[in-house]
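Only one structure is covered here, and it is reproduced in the block below.
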Amino acid sequence: MQTSSKKFVVDIWSDFVCPWCWVAKRRFEKALDRFDEKDAVQINIRAYRLAASHAPEPMIAALKRKLGNADTAEAMMSTVLAYGKAEGLDYIFDTMQFGDTADAHLLVKAVEEPTVKKRLMEALYEQSTTHGKSLFDRSSLEAIAREVGVSEESIQLAWSSVELRVEMEEDEHLVARLGSGVPMFVFNNEFSLSGAQPEVVFLEALNKMQAKVQVKEDDFAGQVCGIDGCKV
């Protein structure tokens, strides 16, 4: 896990071709906005590819293949559409694509400024999910990135950096030890939540993280050291 000077750290694994991940992102953001100490939270964006080395294909075809039949896929898409609409998100499955999102993840990792990274994350979801833009063509990704203020330096770093690719692969190896599937949220490296949980569940997790930190701080409160040692 990355270190932080902030009191709270939330590591989030997701993929831009995961239908549930955009819903989970929005619900977590709403919960975080209600969290008393939201300014003390560092968010670490982690990479995970549902379709590593997989050539792009229409999302509907991919879901039918993965879920085994058309009826199950239709039911799943209907549920996602309803939950997405409730969060103000527009899912257009007819134009969505599924495939290896390595370049999209590398682009996010190449951006250091938190505000720009946040805008880029949202744009990648919206442009691919609502507007059918490709996440598998670098010219398409560059256009999305420039629109939200990503620098040319960051774009070129994404395509050239071996270190960023290694970091992406390390993210994937780490989440494989924590659980299966995305979205995955890990709070202060102590406990996790998976899936597009309701906003209230995310808020409960944030409050639980806060309580755990408070207990640790209380355990050390009032302890002093003198010339003869420290009182326990």
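Lettering and numbering for the structure tokens are positional, with chains as A, B, ... in the shown order, residues counted from 1 in each chain, and ligands counted from 1 in the shown order.
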Per residue of segment 73-191 of chain A within 12 Å of segment 25-42 of chain A, record the nearest atom pair and its distance in Å to one decimal, counting only C-alpha atoms, with rows in chain order and ascending residue number, as CSV.
```
residue,atom,partner,partner_atom,distance
A:Tyr83,CA,A:Arg27,CA,10.4
A:Gly84,CA,A:Arg26,CA,9.2
A:Lys85,CA,A:Arg26,CA,11.4
A:Ala86,CA,A:Arg27,CA,10.3
A:Glu87,CA,A:Arg26,CA,6.9
A:Gly88,CA,A:Arg26,CA,9.0
A:Leu89,CA,A:Arg26,CA,8.7
A:Pro114,CA,A:Gln42,CA,9.7
A:Lys118,CA,A:Glu29,CA,10.9
A:Met121,CA,A:Lys25,CA,9.7
A:Glu122,CA,A:Lys25,CA,9.0
A:Tyr125,CA,A:Lys25,CA,9.9
A:Glu126,CA,A:Arg26,CA,11.7
A:Val182,CA,A:Lys25,CA,11.1
A:Pro183,CA,A:Lys25,CA,8.4
A:Met184,CA,A:Lys25,CA,10.3
A:Phe185,CA,A:Phe28,CA,9.3
A:Val186,CA,A:Gln42,CA,11.8
A:Phe187,CA,A:Val41,CA,10.0
A:Asn188,CA,A:Gln42,CA,9.7
```
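Distances here use only C-alpha atoms; by that measure, the residue among A:Leu67, A:Ala24, A:Gly149, A:Pro19 closest to Tyr91 of chain A is A:Pro19.
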What are the nearest atom pairs, with distances in Å to one decimal, for all residues of segment 10-88 of chain A that come at most 7 Å from segment 98-104 of chain A, using only C-alpha atoms, set out by chain and rising residue number as CSV?
```
residue,atom,partner,partner_atom,distance
A:Val17,CA,A:Phe98,CA,5.7
A:Arg49,CA,A:Thr101,CA,6.1
A:Ala51,CA,A:Asp100,CA,4.9
A:Ala52,CA,A:Asp100,CA,4.8
A:Ser53,CA,A:Asp100,CA,5.6
A:His54,CA,A:Gly99,CA,5.2
A:Ala55,CA,A:Gly99,CA,5.5
A:Pro56,CA,A:Gly99,CA,4.3
A:Glu57,CA,A:Phe98,CA,5.4
A:Pro58,CA,A:Phe98,CA,6.0
A:Met59,CA,A:Phe98,CA,5.0
A:Ala62,CA,A:Phe98,CA,6.7
```
Going by DSSP on the backbone, which residues of chain A come out as helix (DSSP H, G or I)? List them as a compact mmCIF listing (two decimals) with N, CA and C atoms, in the first residue's frame.
```
# COMPACT_ATOMS: atom_id res chain seq x y z
N CYS A 21 -18.68 -0.66 -11.79
CA CYS A 21 -17.66 0.19 -11.17
C CYS A 21 -18.02 1.67 -11.17
N TRP A 22 -18.70 2.14 -12.21
CA TRP A 22 -19.07 3.56 -12.25
C TRP A 22 -20.12 3.86 -11.19
N VAL A 23 -21.07 2.94 -11.02
CA VAL A 23 -22.08 3.09 -9.97
C VAL A 23 -21.42 3.12 -8.60
N ALA A 24 -20.49 2.19 -8.37
CA ALA A 24 -19.78 2.13 -7.09
C ALA A 24 -18.99 3.42 -6.84
N LYS A 25 -18.36 3.91 -7.88
CA LYS A 25 -17.57 5.15 -7.76
C LYS A 25 -18.46 6.30 -7.31
N ARG A 26 -19.62 6.44 -7.93
CA ARG A 26 -20.51 7.54 -7.59
C ARG A 26 -21.05 7.40 -6.16
N ARG A 27 -21.42 6.20 -5.77
CA ARG A 27 -21.94 5.99 -4.41
C ARG A 27 -20.86 6.26 -3.36
N PHE A 28 -19.64 5.82 -3.63
CA PHE A 28 -18.56 6.08 -2.68
C PHE A 28 -18.30 7.58 -2.56
N GLU A 29 -18.30 8.28 -3.69
CA GLU A 29 -18.06 9.72 -3.67
C GLU A 29 -19.12 10.45 -2.84
N LYS A 30 -20.37 10.02 -2.96
CA LYS A 30 -21.43 10.64 -2.18
C LYS A 30 -21.24 10.37 -0.68
N ALA A 31 -20.83 9.15 -0.36
CA ALA A 31 -20.56 8.82 1.04
C ALA A 31 -19.39 9.62 1.57
N LEU A 32 -18.34 9.73 0.77
CA LEU A 32 -17.16 10.48 1.20
C LEU A 32 -17.51 11.94 1.44
N ASP A 33 -18.39 12.50 0.63
CA ASP A 33 -18.79 13.89 0.80
C ASP A 33 -19.52 14.10 2.12
N ARG A 34 -20.12 13.05 2.66
CA ARG A 34 -20.84 13.13 3.95
C ARG A 34 -19.95 12.78 5.14
N LYS A 38 -13.52 14.12 5.62
CA LYS A 38 -13.23 13.81 4.22
C LYS A 38 -11.93 14.43 3.74
N ASP A 39 -11.55 15.58 4.29
CA ASP A 39 -10.31 16.23 3.85
C ASP A 39 -9.07 15.52 4.35
N ALA A 40 -9.25 14.58 5.28
CA ALA A 40 -8.12 13.81 5.82
C ALA A 40 -7.97 12.46 5.12
N MET A 59 -19.79 -4.72 -25.79
CA MET A 59 -20.08 -5.09 -24.40
C MET A 59 -21.19 -6.13 -24.31
N ILE A 60 -22.25 -5.95 -25.10
CA ILE A 60 -23.38 -6.89 -25.02
C ILE A 60 -22.93 -8.30 -25.37
N ALA A 61 -22.12 -8.45 -26.41
CA ALA A 61 -21.62 -9.77 -26.80
C ALA A 61 -20.75 -10.36 -25.69
N ALA A 62 -19.93 -9.52 -25.06
CA ALA A 62 -19.06 -9.99 -23.99
C ALA A 62 -19.87 -10.46 -22.79
N LEU A 63 -20.92 -9.72 -22.43
CA LEU A 63 -21.75 -10.11 -21.30
C LEU A 63 -22.50 -11.41 -21.58
N LYS A 64 -23.01 -11.58 -22.78
CA LYS A 64 -23.70 -12.81 -23.12
C LYS A 64 -22.75 -14.01 -23.04
N ARG A 65 -21.52 -13.80 -23.49
CA ARG A 65 -20.52 -14.87 -23.45
C ARG A 65 -20.14 -15.20 -22.01
N LYS A 66 -19.89 -14.16 -21.21
CA LYS A 66 -19.45 -14.38 -19.84
C LYS A 66 -20.56 -14.93 -18.94
N LEU A 67 -21.79 -14.47 -19.14
CA LEU A 67 -22.90 -14.89 -18.28
C LEU A 67 -23.61 -16.13 -18.78
N ALA A 70 -28.34 -15.06 -23.20
CA ALA A 70 -28.83 -13.71 -23.47
C ALA A 70 -29.77 -13.21 -22.37
N ASP A 71 -30.61 -14.08 -21.82
CA ASP A 71 -31.58 -13.65 -20.81
C ASP A 71 -30.88 -13.14 -19.55
N THR A 72 -29.85 -13.85 -19.11
CA THR A 72 -29.10 -13.43 -17.92
C THR A 72 -28.41 -12.11 -18.18
N ALA A 73 -27.84 -11.97 -19.37
CA ALA A 73 -27.16 -10.72 -19.72
C ALA A 73 -28.15 -9.56 -19.76
N GLU A 74 -29.33 -9.78 -20.34
CA GLU A 74 -30.35 -8.72 -20.41
C GLU A 74 -30.80 -8.31 -19.01
N ALA A 75 -30.97 -9.27 -18.12
CA ALA A 75 -31.39 -8.97 -16.75
C ALA A 75 -30.32 -8.16 -16.03
N MET A 76 -29.07 -8.54 -16.24
CA MET A 76 -27.97 -7.83 -15.59
C MET A 76 -27.91 -6.39 -16.10
N MET A 77 -28.01 -6.21 -17.42
CA MET A 77 -27.95 -4.87 -17.99
C MET A 77 -29.12 -4.01 -17.53
N SER A 78 -30.29 -4.61 -17.42
CA SER A 78 -31.47 -3.87 -16.95
C SER A 78 -31.27 -3.38 -15.52
N THR A 79 -30.66 -4.22 -14.68
CA THR A 79 -30.41 -3.83 -13.30
C THR A 79 -29.39 -2.70 -13.23
N VAL A 80 -28.31 -2.83 -14.01
CA VAL A 80 -27.29 -1.79 -14.02
C VAL A 80 -27.86 -0.46 -14.52
N LEU A 81 -28.68 -0.53 -15.57
CA LEU A 81 -29.31 0.68 -16.10
C LEU A 81 -30.13 1.38 -15.03
N ALA A 82 -30.91 0.61 -14.27
CA ALA A 82 -31.77 1.19 -13.23
C ALA A 82 -30.95 1.82 -12.12
N TYR A 83 -29.93 1.10 -11.64
CA TYR A 83 -29.09 1.65 -10.58
C TYR A 83 -28.29 2.85 -11.08
N GLY A 84 -27.83 2.76 -12.32
CA GLY A 84 -27.11 3.89 -12.89
C GLY A 84 -27.97 5.12 -12.99
N LYS A 85 -29.19 4.95 -13.47
CA LYS A 85 -30.12 6.08 -13.59
C LYS A 85 -30.37 6.72 -12.24
N ALA A 86 -30.47 5.91 -11.18
CA ALA A 86 -30.71 6.43 -9.83
C ALA A 86 -29.55 7.30 -9.36
N ALA A 102 -5.51 -1.58 -20.43
CA ALA A 102 -4.17 -1.24 -19.93
C ALA A 102 -3.83 0.23 -20.20
N ASP A 103 -4.05 0.70 -21.41
CA ASP A 103 -3.66 2.08 -21.75
C ASP A 103 -4.45 3.09 -20.93
N ALA A 104 -5.71 2.83 -20.67
CA ALA A 104 -6.51 3.75 -19.84
C ALA A 104 -5.95 3.81 -18.42
N HIS A 105 -5.60 2.67 -17.86
CA HIS A 105 -5.03 2.65 -16.51
C HIS A 105 -3.68 3.34 -16.47
N LEU A 106 -2.86 3.13 -17.48
CA LEU A 106 -1.55 3.78 -17.52
C LEU A 106 -1.70 5.29 -17.61
N LEU A 107 -2.70 5.74 -18.36
CA LEU A 107 -2.94 7.17 -18.48
C LEU A 107 -3.31 7.77 -17.13
N VAL A 108 -4.16 7.08 -16.37
CA VAL A 108 -4.53 7.56 -15.04
C VAL A 108 -3.30 7.60 -14.13
N LYS A 109 -2.48 6.58 -14.19
CA LYS A 109 -1.29 6.52 -13.34
C LYS A 109 -0.27 7.61 -13.69
N ALA A 110 -0.26 8.06 -14.93
CA ALA A 110 0.69 9.07 -15.36
C ALA A 110 0.34 10.47 -14.85
N PRO A 114 -4.11 15.44 -8.18
CA PRO A 114 -5.34 14.74 -7.79
C PRO A 114 -6.60 15.23 -8.50
N THR A 115 -6.73 16.53 -8.68
CA THR A 115 -7.94 17.08 -9.30
C THR A 115 -8.04 16.65 -10.76
N VAL A 116 -6.92 16.70 -11.47
CA VAL A 116 -6.91 16.28 -12.88
C VAL A 116 -7.16 14.79 -12.98
N LYS A 117 -6.55 14.01 -12.08
CA LYS A 117 -6.76 12.55 -12.08
C LYS A 117 -8.23 12.23 -11.87
N LYS A 118 -8.87 12.95 -10.94
CA LYS A 118 -10.28 12.72 -10.67
C LYS A 118 -11.14 13.03 -11.90
N ARG A 119 -10.83 14.15 -12.57
CA ARG A 119 -11.57 14.50 -13.79
C ARG A 119 -11.37 13.46 -14.88
N LEU A 120 -10.15 12.97 -15.00
CA LEU A 120 -9.85 11.97 -16.03
C LEU A 120 -10.61 10.67 -15.76
N MET A 121 -10.61 10.22 -14.51
CA MET A 121 -11.34 9.01 -14.17
C MET A 121 -12.81 9.11 -14.57
N GLU A 122 -13.43 10.21 -14.21
CA GLU A 122 -14.84 10.40 -14.53
C GLU A 122 -15.06 10.45 -16.04
N ALA A 123 -14.17 11.14 -16.74
CA ALA A 123 -14.30 11.25 -18.19
C ALA A 123 -14.17 9.90 -18.89
N LEU A 124 -13.26 9.07 -18.42
CA LEU A 124 -13.07 7.76 -19.03
C LEU A 124 -14.33 6.91 -18.87
N TYR A 125 -14.95 6.96 -17.70
CA TYR A 125 -16.22 6.24 -17.52
C TYR A 125 -17.32 6.82 -18.40
N GLU A 126 -17.48 8.14 -18.35
CA GLU A 126 -18.59 8.75 -19.08
C GLU A 126 -18.44 8.59 -20.59
N GLN A 127 -17.24 8.86 -21.10
CA GLN A 127 -17.06 8.81 -22.55
C GLN A 127 -17.21 7.41 -23.11
N SER A 128 -16.79 6.40 -22.34
CA SER A 128 -16.91 5.02 -22.83
C SER A 128 -18.31 4.45 -22.58
N THR A 129 -18.91 4.78 -21.45
CA THR A 129 -20.19 4.19 -21.05
C THR A 129 -21.38 4.88 -21.70
N ARG A 138 -5.28 4.72 -28.69
CA ARG A 138 -4.57 5.79 -27.99
C ARG A 138 -4.99 7.18 -28.45
N SER A 139 -5.34 7.33 -29.70
CA SER A 139 -5.78 8.66 -30.14
C SER A 139 -7.08 9.05 -29.47
N SER A 140 -7.97 8.08 -29.26
CA SER A 140 -9.22 8.33 -28.55
C SER A 140 -8.95 8.68 -27.09
N LEU A 141 -8.07 7.93 -26.45
CA LEU A 141 -7.71 8.20 -25.06
C LEU A 141 -7.06 9.57 -24.91
N GLU A 142 -6.19 9.92 -25.84
CA GLU A 142 -5.53 11.22 -25.78
C GLU A 142 -6.54 12.35 -25.90
N ALA A 143 -7.52 12.19 -26.76
CA ALA A 143 -8.55 13.23 -26.92
C ALA A 143 -9.34 13.41 -25.62
N ILE A 144 -9.71 12.30 -24.98
CA ILE A 144 -10.43 12.36 -23.71
C ILE A 144 -9.57 13.04 -22.66
N ALA A 145 -8.29 12.67 -22.62
CA ALA A 145 -7.38 13.22 -21.61
C ALA A 145 -7.17 14.72 -21.79
N ARG A 146 -6.96 15.15 -23.01
CA ARG A 146 -6.73 16.58 -23.26
C ARG A 146 -7.95 17.41 -22.90
N GLU A 147 -9.12 16.84 -23.12
CA GLU A 147 -10.37 17.56 -22.83
C GLU A 147 -10.50 17.92 -21.36
N GLU A 152 0.45 17.11 -22.08
CA GLU A 152 1.10 16.27 -23.09
C GLU A 152 2.21 15.44 -22.47
N GLU A 153 2.88 16.00 -21.48
CA GLU A 153 3.95 15.28 -20.80
C GLU A 153 3.41 14.02 -20.12
N SER A 154 2.26 14.14 -19.47
CA SER A 154 1.66 12.98 -18.81
C SER A 154 1.20 11.94 -19.83
N ILE A 155 0.65 12.39 -20.93
CA ILE A 155 0.19 11.47 -21.97
C ILE A 155 1.36 10.66 -22.52
N GLN A 156 2.45 11.32 -22.83
CA GLN A 156 3.62 10.62 -23.37
C GLN A 156 4.25 9.70 -22.33
N LEU A 157 4.21 10.11 -21.07
CA LEU A 157 4.72 9.26 -19.99
C LEU A 157 3.92 7.97 -19.91
N ALA A 158 2.62 8.07 -20.07
CA ALA A 158 1.77 6.88 -20.02
C ALA A 158 2.18 5.84 -21.06
N TRP A 159 2.53 6.31 -22.24
CA TRP A 159 2.86 5.37 -23.33
C TRP A 159 4.30 4.87 -23.26
N SER A 160 5.16 5.55 -22.53
CA SER A 160 6.58 5.20 -22.56
C SER A 160 7.14 4.59 -21.28
N VAL A 162 7.97 2.22 -18.42
CA VAL A 162 7.97 0.82 -17.99
C VAL A 162 7.54 0.73 -16.53
N GLU A 163 7.93 1.72 -15.73
CA GLU A 163 7.61 1.72 -14.30
C GLU A 163 6.10 1.75 -14.06
N LEU A 164 5.38 2.53 -14.85
CA LEU A 164 3.93 2.60 -14.67
C LEU A 164 3.26 1.26 -15.00
N ARG A 165 3.76 0.59 -16.02
CA ARG A 165 3.20 -0.73 -16.37
C ARG A 165 3.46 -1.75 -15.26
N VAL A 166 4.66 -1.69 -14.68
CA VAL A 166 4.98 -2.58 -13.56
C VAL A 166 4.06 -2.28 -12.37
N GLU A 167 3.82 -1.00 -12.12
CA GLU A 167 2.93 -0.60 -11.02
C GLU A 167 1.51 -1.12 -11.25
N MET A 168 1.05 -1.05 -12.50
CA MET A 168 -0.28 -1.57 -12.83
C MET A 168 -0.36 -3.06 -12.54
N GLU A 169 0.66 -3.80 -12.93
CA GLU A 169 0.67 -5.25 -12.72
C GLU A 169 0.76 -5.58 -11.23
N GLU A 170 1.50 -4.76 -10.47
CA GLU A 170 1.58 -4.97 -9.02
C GLU A 170 0.22 -4.74 -8.36
N ASP A 171 -0.51 -3.74 -8.84
CA ASP A 171 -1.87 -3.51 -8.33
C ASP A 171 -2.72 -4.76 -8.52
N GLU A 172 -2.63 -5.35 -9.69
CA GLU A 172 -3.44 -6.53 -10.00
C GLU A 172 -3.06 -7.72 -9.13
N HIS A 173 -1.77 -7.91 -8.92
CA HIS A 173 -1.31 -9.01 -8.08
C HIS A 173 -1.78 -8.82 -6.63
N LEU A 174 -1.76 -7.58 -6.16
CA LEU A 174 -2.15 -7.29 -4.78
C LEU A 174 -3.62 -7.57 -4.55
N VAL A 175 -4.47 -7.11 -5.45
CA VAL A 175 -5.91 -7.31 -5.25
C VAL A 175 -6.28 -8.78 -5.38
N ALA A 176 -5.50 -9.54 -6.13
CA ALA A 176 -5.77 -10.97 -6.24
C ALA A 176 -5.60 -11.67 -4.90
N ARG A 177 -4.75 -11.13 -4.04
CA ARG A 177 -4.55 -11.70 -2.70
C ARG A 177 -5.62 -11.21 -1.72
N LEU A 178 -6.24 -10.08 -2.04
CA LEU A 178 -7.24 -9.51 -1.13
C LEU A 178 -8.63 -10.08 -1.35
N GLU A 199 -24.76 3.70 -0.76
CA GLU A 199 -24.03 4.84 -0.18
C GLU A 199 -23.89 4.71 1.33
N VAL A 200 -24.96 4.28 2.01
CA VAL A 200 -24.93 4.19 3.47
C VAL A 200 -23.90 3.17 3.93
N VAL A 201 -23.68 2.11 3.17
CA VAL A 201 -22.69 1.10 3.55
C VAL A 201 -21.27 1.67 3.42
N PHE A 202 -21.04 2.44 2.37
CA PHE A 202 -19.73 3.10 2.23
C PHE A 202 -19.50 4.08 3.38
N LEU A 203 -20.53 4.82 3.74
CA LEU A 203 -20.39 5.78 4.85
C LEU A 203 -20.11 5.04 6.15
N GLU A 204 -20.76 3.92 6.36
CA GLU A 204 -20.49 3.12 7.56
C GLU A 204 -19.05 2.64 7.59
N ALA A 205 -18.52 2.27 6.42
CA ALA A 205 -17.13 1.81 6.34
C ALA A 205 -16.17 2.95 6.66
N LEU A 206 -16.46 4.14 6.16
CA LEU A 206 -15.62 5.30 6.46
C LEU A 206 -15.66 5.62 7.96
N ASN A 207 -16.83 5.55 8.55
CA ASN A 207 -16.95 5.81 9.99
C ASN A 207 -16.25 4.73 10.82
N LYS A 208 -16.31 3.49 10.34
CA LYS A 208 -15.60 2.40 11.02
C LYS A 208 -14.10 2.65 10.97
N MET A 209 -13.59 3.08 9.82
CA MET A 209 -12.18 3.41 9.68
C MET A 209 -11.80 4.52 10.66
N GLN A 210 -12.64 5.54 10.74
CA GLN A 210 -12.40 6.65 11.66
C GLN A 210 -12.36 6.16 13.11
N ALA A 211 -13.29 5.29 13.47
CA ALA A 211 -13.34 4.78 14.84
C ALA A 211 -12.11 3.96 15.19
N LYS A 212 -11.64 3.17 14.24
CA LYS A 212 -10.44 2.35 14.48
C LYS A 212 -9.23 3.24 14.72
N VAL A 213 -9.11 4.31 13.96
CA VAL A 213 -7.98 5.22 14.15
C VAL A 213 -8.09 5.91 15.50
N GLN A 214 -9.31 6.29 15.89
CA GLN A 214 -9.51 6.96 17.17
C GLN A 214 -9.11 6.05 18.34
N VAL A 215 -9.46 4.78 18.24
CA VAL A 215 -9.08 3.82 19.29
C VAL A 215 -7.57 3.74 19.43
N LYS A 216 -6.88 3.70 18.30
CA LYS A 216 -5.42 3.63 18.34
C LYS A 216 -4.84 4.89 18.97
N GLU A 217 -5.40 6.05 18.61
CA GLU A 217 -4.91 7.30 19.17
C GLU A 217 -5.16 7.35 20.68
N ASP A 218 -6.32 6.86 21.11
CA ASP A 218 -6.65 6.86 22.54
C ASP A 218 -5.73 5.92 23.33
N ASP A 219 -5.32 4.84 22.69
CA ASP A 219 -4.43 3.88 23.36
C ASP A 219 -3.10 4.51 23.75
N PHE A 220 -2.67 5.50 22.97
CA PHE A 220 -1.38 6.13 23.22
C PHE A 220 -1.50 7.47 23.94
```
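Atom CA of Met96 of chain A lies 11.8 Å from atom CA of Phe136 of chain A.
Minimum atom-to-atom distance to Phe8 of chain A, evaluated using only C-alpha atoms, belongs to A:Ile43 out of A:Ile43, A:Val148, A:Leu135, A:Leu193.
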Requested in this report: as a VMD selection string, please: all residues of segment 145-230 of chain A that backbone DSSP puts in strand (DSSP E or B).
Outcome: chain A and resid 184 to 187 191 to 194 225 to 226 229 to 230
Query - Atom pair atom CA of Ser192 of chain A / atom CA of Trp13 of chain A: separation (Å) - result: 11.0 Å
Report task. One decimal, Å: what's the distance from atom CA of Asp94 of chain A over to atom CA of Lys133 of chain A, could you say? Result ->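 Between these atoms lies a distance of 11.9 Å.
Counting only C-alpha atoms and comparing A:Ile92, A:Gly181, A:Gln97, A:Glu190, the residue that lies closest to Asp137 of chain A is A:Gln97.
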Requested in this report: Could you check which of A:Ser194, A:Ser151, A:Thr130, A:Ser14 is closest to Ala47 of chain A, using only C-alpha atoms?
Outcome: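 Counting only C-alpha atoms, the residue closest to Ala47 of chain A is A:Ser14.
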